[in-house]
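Colleague: Before I ask anything, let me first share the structure, which is written out below as structure tokens.
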Amino acid sequence: QVPYVPSSTKQVENVMSLLKGRAGKMVDLGSGDGRIVLEAYKQGFRPAVGYELNPWLLTLSNYRAWRTGCYGKVFYQRQDLWKVNLCDCNNVSVFLAPSVLPLLETKLLAELPDEARVVSGRFPFPTWMPTISVGEGINQSWAYDIKTVRQIEHSKAEGNPE
Ligand SMILES: C[S@@+](CC[C@H](N)C(=O)[O-])C[C@H]1O[C@@H](n2cnc3c(N)ncnc32)[C@H](O)[C@@H]1O
């Protein structure tokens, strides 16, 4: 449903800039060749975890980790992102097809803690209001603070304009 297209170097830079100053657990949902997880680890996120279904991409991710001295320090897991519980994730990145983002909004809102920040590369979430966005064209990335998203959703449900 969502093909493997690696983030560009500029996109990785933009995603990480939106997580600057944050700490704790970082997960990339659909981690591809692992480049975002590796960068997150280098920038101090612990643990840095990637969930990916494709076994070849997991092998490639581990190879890339080994080559940079990070093997065994970053975690690449063969798991369906829809089945992972995200209740302890403070920092989440996604680069997925627009068609799955509506469903992902529902999952993230149901599971993430209030303190979580979600960064989406290339495609924005369809109904959420971003806190900030950086870059342009295919490298644009959007950051969403879950507490703010929840407040806006709540006020929409009450019938108040934002
Ligand atoms: C557009 S790529 C992004 C890769 C990486 N996050 C990056 O930014 O370079 C999307 C990735 O999601 C993976 N994927 C798609 N559906 C998935 C699922 N249900 N569970 C885990 N991974 C999935 C694909 O195999 C693909 O590698």
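We label chains A, B, ... in the order they appear in the structure tokens, count residues from 1 in each chain, and number ligands from 1 in the order shown.
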Set the cut-off to 8 Å, count only C-alpha atoms and all ligand atoms, and list whatever residues fall near ligand 1 as an NGL selection string.
Modeller: :A and (1-8 or 11-12 or 28-36 or 51-54 or 57 or 78-82 or 93-97 or 121)
Colleague: Can you pull out every residue within 8 Å of segment 139-144 of chain A, counting only C-alpha atoms, but drop anything in the same chain fewer than 4 positions away, and send it as an mmCIF file with C-alpha atoms, in the first residue's frame?
Modeller:
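Writing the result to around_8.cif gives the following:
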```cif
data_model
loop_
_atom_site.group_PDB
_atom_site.id
_atom_site.type_symbol
_atom_site.label_atom_id
_atom_site.label_comp_id
_atom_site.auth_asym_id
_atom_site.auth_seq_id
_atom_site.Cartn_x
_atom_site.Cartn_y
_atom_site.Cartn_z
ATOM 1 C CA SER A 8 15.972 12.898 0.529
ATOM 2 C CA LYS A 10 17.172 17.616 2.745
ATOM 3 C CA GLN A 11 13.966 15.935 3.924
ATOM 4 C CA ASN A 14 13.963 19.096 7.786
ATOM 5 C CA VAL A 15 12.366 16.289 9.804
ATOM 6 C CA LEU A 18 11.424 19.868 13.679
ATOM 7 C CA ARG A 117 5.235 15.556 18.514
ATOM 8 C CA VAL A 118 4.572 13.928 15.125
ATOM 9 C CA VAL A 119 6.551 15.002 12.079
ATOM 10 C CA SER A 120 5.314 14.147 8.609
ATOM 11 C CA GLY A 121 7.629 14.364 5.627
ATOM 12 C CA ARG A 122 6.424 15.311 2.137
ATOM 13 C CA PHE A 123 2.680 14.919 2.865
ATOM 14 C CA PRO A 124 0.749 16.794 5.575
ATOM 15 C CA TRP A 128 -4.720 18.416 11.595
ATOM 16 C CA MET A 129 -3.359 21.925 12.033
ATOM 17 C CA PRO A 130 0.465 21.893 12.034
ATOM 18 C CA THR A 131 2.387 23.755 14.731
ATOM 19 C CA ILE A 132 5.113 24.560 12.224
ATOM 20 C CA SER A 133 6.332 23.531 8.799
ATOM 21 C CA VAL A 134 9.760 23.789 7.194
ATOM 22 C CA GLY A 135 11.126 23.368 3.677
ATOM 23 C CA THR A 148 -2.656 21.144 20.480
ATOM 24 C CA VAL A 149 -4.235 18.819 17.904
#
```
Colleague: Among segment 2-128 of chain A, which ones does DSSP place in alpha helix (DSSP H), written as a ChimeraX atom specification?
Modeller: /A:9-17,35-42,55-67,101-111
Colleague: For Lys147 of chain A, which residue out of A:Ala65, A:Thr127, A:Glu13, A:Leu109 is the nearest one, using only C-alpha atoms?
Modeller: A:Leu109
Colleague: Using atom CA of Val37 of chain A and atom CA of Leu19 of chain A as the two end points, give the distance in Å to one decimal.
Modeller: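 These two atoms are separated by 12.4 Å.
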Colleague: Using only C-alpha atoms for the distances, tell me which of A:Asn91, A:Thr59, A:Pro113, A:Arg64 is nearest to Gly21 of chain A.
Modeller: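 Checking each of A:Asn91, A:Thr59, A:Pro113, A:Arg64 against Gly21 of chain A, counting only C-alpha atoms, the winner is A:Asn91.
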Colleague: Write out as a count of residues only all residues of segment 1-161 of chain A that backbone DSSP assigns to strand (DSSP E or B).
Modeller: 30
